[in-house]
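Pasted below: structure.cif, mmCIF, C-alpha atoms and all ligand atoms.
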data_my_file
#
loop_
_atom_site.label_atom_id
_atom_site.label_comp_id
_atom_site.auth_asym_id
_atom_site.auth_seq_id
_atom_site.Cartn_x
_atom_site.Cartn_y
_atom_site.Cartn_z
CA MET A 10 -0.55 -39.97 -26.22
CA ASN A 11 -3.61 -39.44 -24.01
CA LYS A 12 -3.58 -40.26 -20.32
CA ILE A 13 -5.60 -43.46 -20.68
CA LYS A 14 -3.12 -44.83 -23.22
CA GLU A 15 -0.14 -43.73 -21.13
CA LEU A 16 -1.58 -45.43 -18.05
CA GLU A 17 -2.26 -48.61 -20.02
CA LYS A 18 1.33 -48.61 -21.25
CA LEU A 19 2.57 -48.17 -17.68
CA LYS A 20 0.35 -51.02 -16.51
CA GLN A 21 1.77 -53.31 -19.19
CA GLU A 22 5.29 -52.37 -18.09
CA ILE A 23 4.49 -53.35 -14.51
CA ILE A 24 3.05 -56.68 -15.70
CA ALA A 25 6.22 -57.31 -17.72
CA ASP A 26 8.55 -56.44 -14.81
CA THR A 27 9.39 -59.85 -13.39
CA SER A 28 11.81 -58.35 -10.84
CA LEU A 29 8.91 -56.96 -8.78
CA PRO A 30 8.09 -58.64 -5.46
CA LEU A 31 4.63 -60.20 -4.81
CA THR A 32 2.87 -62.40 -7.35
CA THR A 33 -0.82 -61.73 -6.75
CA ASN A 34 -3.02 -59.78 -9.20
CA LEU A 35 -1.87 -56.35 -10.28
CA VAL A 36 -4.32 -53.80 -8.86
CA PHE A 37 -3.25 -50.82 -10.92
CA GLY A 38 -5.83 -48.21 -9.88
CA GLU A 39 -9.08 -46.82 -11.21
CA GLY A 40 -11.03 -43.63 -11.69
CA ASN A 41 -10.75 -40.50 -13.77
CA PRO A 42 -7.17 -39.86 -14.94
CA ASP A 43 -8.21 -36.25 -15.59
CA GLY A 44 -9.61 -35.95 -12.05
CA GLU A 45 -8.27 -33.33 -9.68
CA VAL A 46 -7.95 -35.62 -6.67
CA LEU A 47 -5.73 -38.70 -6.33
CA PHE A 48 -6.08 -41.03 -3.32
CA ILE A 49 -3.14 -43.33 -2.60
CA GLY A 50 -3.49 -46.23 -0.16
CA GLU A 51 -1.05 -48.83 1.01
CA ALA A 52 -1.58 -52.12 -0.84
CA PRO A 53 -4.55 -54.20 -2.00
CA GLY A 54 -6.21 -56.59 0.45
CA ALA A 55 -7.86 -59.95 -0.23
CA LEU A 56 -11.03 -58.58 -1.87
CA GLU A 57 -9.08 -56.05 -3.90
CA ASP A 58 -6.89 -58.89 -5.18
CA GLU A 59 -9.94 -61.00 -6.00
CA LEU A 60 -11.85 -58.22 -7.80
CA VAL A 61 -8.69 -56.55 -9.17
CA ARG A 62 -9.94 -53.15 -7.96
CA PRO A 63 -8.50 -50.85 -5.27
CA PHE A 64 -10.42 -50.10 -2.08
CA VAL A 65 -13.46 -52.33 -2.49
CA GLY A 66 -13.33 -54.04 0.94
CA ARG A 67 -14.40 -52.65 4.29
CA SER A 68 -12.01 -49.71 4.34
CA GLY A 69 -12.80 -49.05 0.69
CA GLN A 70 -16.49 -48.78 1.51
CA LEU A 71 -15.67 -46.13 4.10
CA LEU A 72 -13.41 -44.23 1.70
CA ARG A 73 -16.00 -44.31 -1.07
CA LYS A 74 -18.78 -43.25 1.33
CA GLN A 75 -16.76 -40.20 2.38
CA ILE A 76 -16.08 -39.27 -1.24
CA ARG A 77 -19.82 -39.42 -2.00
CA ALA A 78 -20.62 -37.47 1.18
CA LEU A 79 -18.76 -34.52 -0.35
CA GLY A 80 -21.18 -34.62 -3.27
CA TRP A 81 -18.42 -36.03 -5.47
CA LYS A 82 -18.61 -39.15 -7.61
CA GLU A 83 -16.17 -42.02 -7.06
CA GLU A 84 -15.58 -42.04 -10.84
CA ASP A 85 -14.42 -38.40 -10.75
CA VAL A 86 -11.38 -39.09 -8.58
CA TYR A 87 -8.52 -41.56 -9.07
CA ILE A 88 -7.76 -44.26 -6.50
CA THR A 89 -4.59 -46.34 -6.32
CA ASN A 90 -2.00 -47.78 -3.92
CA ILE A 91 1.72 -47.41 -3.40
CA VAL A 92 2.23 -51.21 -3.54
CA LYS A 93 0.13 -52.65 -6.34
CA ARG A 94 -0.07 -56.29 -5.32
CA ARG A 95 -1.41 -57.84 -2.15
CA PRO A 96 1.13 -58.73 0.56
CA PRO A 97 0.39 -62.18 2.05
CA GLU A 98 -1.94 -62.35 5.08
CA ASN A 99 -2.68 -58.63 4.67
CA ARG A 100 0.56 -57.78 6.43
CA ASP A 101 2.05 -54.28 6.11
CA PRO A 102 4.08 -53.79 2.95
CA LEU A 103 7.82 -54.30 3.51
CA PRO A 104 10.25 -51.41 2.84
CA GLU A 105 11.69 -53.32 -0.14
CA GLU A 106 8.21 -53.84 -1.60
CA ILE A 107 7.50 -50.11 -1.32
CA GLU A 108 10.87 -49.30 -2.91
CA ALA A 109 10.24 -51.70 -5.79
CA TYR A 110 6.82 -50.26 -6.68
CA LYS A 111 7.67 -46.60 -6.00
CA PRO A 112 9.03 -45.70 -9.46
CA TYR A 113 5.78 -46.91 -10.99
CA LEU A 114 3.71 -44.81 -8.58
CA THR A 115 5.89 -41.81 -9.46
CA ARG A 116 5.17 -42.29 -13.15
CA GLN A 117 1.46 -42.85 -12.52
CA ILE A 118 1.28 -39.53 -10.64
CA GLU A 119 3.22 -37.76 -13.39
CA ILE A 120 0.71 -38.98 -15.97
CA ILE A 121 -2.37 -38.05 -13.92
CA LYS A 122 -1.00 -34.71 -12.65
CA PRO A 123 -3.60 -34.35 -9.89
CA THR A 124 -4.33 -30.99 -8.30
CA ILE A 125 -4.19 -32.56 -4.84
CA ILE A 126 -2.92 -35.90 -3.58
CA ILE A 127 -4.40 -37.61 -0.54
CA PRO A 128 -2.06 -40.24 0.88
CA LEU A 129 -4.04 -42.58 3.11
CA GLY A 130 -1.96 -43.72 6.05
CA ARG A 131 1.71 -43.44 6.89
CA PHE A 132 3.20 -45.60 4.13
CA SER A 133 2.01 -43.48 1.24
CA MET A 134 2.36 -40.28 3.32
CA ASN A 135 6.04 -41.05 3.91
CA TYR A 136 6.61 -41.43 0.18
CA PHE A 137 5.92 -37.68 -0.12
CA LEU A 138 6.79 -36.49 3.38
CA PRO A 139 9.44 -38.75 4.92
CA GLU A 140 9.52 -36.79 8.20
CA ALA A 141 5.77 -36.47 8.70
CA LYS A 142 3.83 -38.21 11.47
CA ILE A 143 0.35 -39.32 10.52
CA SER A 144 -1.38 -38.45 13.82
CA ARG A 145 0.24 -34.99 13.88
CA ASP A 146 0.04 -34.14 10.18
CA GLN A 147 -3.14 -35.74 8.86
CA GLY A 148 -5.63 -33.18 7.60
CA LYS A 149 -2.90 -30.61 6.84
CA LEU A 150 -1.95 -29.36 3.40
CA PHE A 151 1.71 -29.62 2.31
CA ARG A 152 3.60 -28.69 -0.81
CA THR A 153 6.35 -31.06 -1.82
CA GLY A 154 8.11 -30.73 -5.17
CA ASN A 155 5.42 -30.38 -7.81
CA TRP A 156 2.65 -31.76 -5.67
CA HIS A 157 0.18 -30.56 -3.07
CA VAL A 158 -0.40 -33.29 -0.55
CA ALA A 159 -2.90 -33.65 2.29
CA PRO A 160 -2.34 -36.90 4.22
CA MET A 161 -5.23 -38.52 6.03
CA PHE A 162 -5.60 -41.53 8.29
CA HIS A 163 -5.96 -44.80 6.46
CA PRO A 164 -9.67 -45.74 6.52
CA SER A 165 -8.79 -49.06 8.19
CA ALA A 166 -7.28 -47.05 11.07
CA ALA A 167 -10.47 -44.99 11.21
CA LEU A 168 -12.46 -48.20 11.52
CA ARG A 169 -10.45 -49.16 14.62
CA GLY A 170 -11.71 -46.41 16.94
CA THR A 171 -13.93 -43.38 17.41
CA THR A 172 -11.12 -40.84 17.83
CA MET A 173 -9.49 -41.77 14.55
CA MET A 174 -12.85 -42.09 12.80
CA ASN A 175 -13.80 -38.56 13.90
CA ALA A 176 -10.46 -37.19 12.73
CA PHE A 177 -10.78 -39.01 9.40
CA VAL A 178 -14.30 -37.67 8.79
CA GLU A 179 -13.34 -34.11 9.84
CA SER A 180 -10.25 -34.09 7.61
CA PHE A 181 -12.27 -35.38 4.71
CA LYS A 182 -14.75 -32.51 5.10
CA LYS A 183 -11.86 -30.07 4.60
CA LEU A 184 -10.99 -31.56 1.23
CA PRO A 185 -13.13 -29.28 -1.03
CA ALA A 186 -11.72 -26.16 0.67
CA MET A 187 -8.15 -27.49 0.40
CA LEU A 188 -8.73 -28.21 -3.28
CA GLN A 189 -9.88 -24.61 -3.82
CA THR A 190 -6.84 -23.32 -1.91
CA VAL A 191 -4.49 -25.29 -4.17
CA LYS A 192 -6.29 -24.11 -7.30
CA LYS A 193 -5.96 -20.47 -6.16
CA MET A 194 -2.27 -20.98 -5.39
CA LYS A 195 -1.72 -22.47 -8.84
CA SER A 196 -3.60 -19.74 -10.69
CA GLY A 197 -2.02 -16.89 -8.73
N1 LIG A 201 -6.20 -50.90 1.85
C1 LIG A 201 -5.39 -50.22 1.02
O1 LIG A 201 -4.46 -49.54 1.42
N2 LIG A 201 -5.64 -50.31 -0.27
C2 LIG A 201 -6.63 -51.00 -0.80
O2 LIG A 201 -6.77 -51.00 -2.02
C3 LIG A 201 -7.46 -51.70 0.10
C4 LIG A 201 -7.23 -51.63 1.41
#
Could I get this structure in the form of C-alpha cells?
Ligand code: URA
Amino acid sequence: MNKIKELEKLKQEIIADTSLPLTTNLVFGEGNPDGEVLFIGEAPGALEDELVRPFVGRSGQLLRKQIRALGWKEEDVYITNIVKRRPPENRDPLPEEIEAYKPYLTRQIEIIKPTIIIPLGRFSMNYFLPEAKISRDQGKLFRTGNWHVAPMFHPSAALRGTTMMNAFVESFKKLPAMLQTVKKMKSG
C-alpha cells in the first residue's frame, strides 16, 4: 500500500474511533507524505477546525512563512498535530487527550518515516523527549529510538515576545544544516 492510502486508512480509523475525546472536526494533517521534514504542533485552533487544515491561523502563518524563508515549499513538508481535534476555548490539550491521540500520531509517523521531526512546543516535544525543557532544548538535535528530533518553540509562543521570536527564527535557520547532518548520519 502506498503512503497516501495508508494515511487515508489511518484517518478513517480515527474517524471510526468513538472512544476518542473531543468532537470537533478531525484535522488529520497535510503535506507531502514522502517529505523529509515533519512538523508536529499541539492541537488545532478555531480556524484550523473551521478549515479542517493544520496551522492556518496566526501561528500557522508564521510557521509557513519560516518554511518558505528556507526556500522550501509548504507542500514539500508534512504538518500535523499531536491532538487532532480542537480543545474547547483553545485551552491546552489535557494529558488524557494527548494519551488518547498518541497511538495515532505514532502510526502516522511510522507511515511517513520522516528524516527529521520538528516538535513545535513542549507538548509534542515531550512525546519524544519526556525530560526535555523547551527553553533549554529548542534548536538542538536529538536522536530518540528511530527518529531524529529537533524541538522548536511553538510559533504562538514566538508571537508572544521578541526573545522567543528571535530564538524561533534562529532555530529555524539551522534546519537545513540539521537535515544534512541527519542524512549523513543515516548514510554513514
Ligand atoms: N496550533 C497548533 O499547535 N496547531 C495548529 O494546527 C494550529 C495552532
Ala141 (chain A) environment, 12 Å, all atoms listed in the file, sequence neighbours closer than 4 positions dropped, as a list in words: Pro128, Gly130, Arg131, Phe132, Ser133, Met134, Asn135, Tyr136, Phe137, Arg145, Asp146, Gln147, Gly148, Lys149, Leu150, Phe151, Thr153, Val158, Ala159, Pro160 and Met161 of chain A
Dump of C-alpha atoms for the selected residues, as a CSV table (one decimal), keeping the file's coordinate frame:
chain,number,residue,atom,x,y,z
A,128,PRO,CA,-2.1,-40.2,0.9
A,130,GLY,CA,-2.0,-43.7,6.0
A,131,ARG,CA,1.7,-43.4,6.9
A,132,PHE,CA,3.2,-45.6,4.1
A,133,SER,CA,2.0,-43.5,1.2
A,134,MET,CA,2.4,-40.3,3.3
A,135,ASN,CA,6.0,-41.0,3.9
A,136,TYR,CA,6.6,-41.4,0.2
A,137,PHE,CA,5.9,-37.7,-0.1
A,145,ARG,CA,0.2,-35.0,13.9
A,146,ASP,CA,0.0,-34.1,10.2
A,147,GLN,CA,-3.1,-35.7,8.9
A,148,GLY,CA,-5.6,-33.2,7.6
A,149,LYS,CA,-2.9,-30.6,6.8
A,150,LEU,CA,-2.0,-29.4,3.4
A,151,PHE,CA,1.7,-29.6,2.3
A,153,THR,CA,6.4,-31.1,-1.8
A,158,VAL,CA,-0.4,-33.3,-0.6
A,159,ALA,CA,-2.9,-33.6,2.3
A,160,PRO,CA,-2.3,-36.9,4.2
A,161,MET,CA,-5.2,-38.5,6.0
Residues at most 7 Å from ligand LIG 201 (chain A), using only C-alpha atoms and all ligand atoms? Could they come as a VMD selection string? chain A and resid 50 to 54 57 63 to 66 68 to 69 89 to 90
Name all residues at most 9 Å from region 26-34 of chain A (count all atoms listed in the file; drop same-chain ones fewer than 6 positions away) and give them as a VMD selection string. chain A and resid 57 to 59 61 93 to 97 105 to 106 109 to 110
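Note that CA of Val92 (chain A) and CA of Glu45 (chain A) are 21.6 Å apart.
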Skip region 175-191 of chain A itself and residues of its chain fewer than 2 positions away, then list as a list in words all residues within 9 Å of it, counting all atoms listed in the file. Glu45, Val46, Gln75, Ile76, Ala78, Leu79, Thr124, Ile125, Gln147, Gly148, Lys149, Leu150, His157, Ala159, Met161, Phe162, His163, Pro164, Ala166, Ala167, Gly170, Thr171, Thr172, Met173, Lys193, Met194, Lys195 and Ser196 of chain A
Emit the selected residues as a CSV table (one decimal), keeping the file's coordinate frame, including C-alpha atoms.
chain,number,residue,atom,x,y,z
A,45,GLU,CA,-8.3,-33.3,-9.7
A,46,VAL,CA,-8.0,-35.6,-6.7
A,75,GLN,CA,-16.8,-40.2,2.4
A,76,ILE,CA,-16.1,-39.3,-1.2
A,78,ALA,CA,-20.6,-37.5,1.2
A,79,LEU,CA,-18.8,-34.5,-0.4
A,124,THR,CA,-4.3,-31.0,-8.3
A,125,ILE,CA,-4.2,-32.6,-4.8
A,147,GLN,CA,-3.1,-35.7,8.9
A,148,GLY,CA,-5.6,-33.2,7.6
A,149,LYS,CA,-2.9,-30.6,6.8
A,150,LEU,CA,-2.0,-29.4,3.4
A,157,HIS,CA,0.2,-30.6,-3.1
A,159,ALA,CA,-2.9,-33.6,2.3
A,161,MET,CA,-5.2,-38.5,6.0
A,162,PHE,CA,-5.6,-41.5,8.3
A,163,HIS,CA,-6.0,-44.8,6.5
A,164,PRO,CA,-9.7,-45.7,6.5
A,166,ALA,CA,-7.3,-47.0,11.1
A,167,ALA,CA,-10.5,-45.0,11.2
A,170,GLY,CA,-11.7,-46.4,16.9
A,171,THR,CA,-13.9,-43.4,17.4
A,172,THR,CA,-11.1,-40.8,17.8
A,173,MET,CA,-9.5,-41.8,14.6
A,193,LYS,CA,-6.0,-20.5,-6.2
A,194,MET,CA,-2.3,-21.0,-5.4
A,195,LYS,CA,-1.7,-22.5,-8.8
A,196,SER,CA,-3.6,-19.7,-10.7
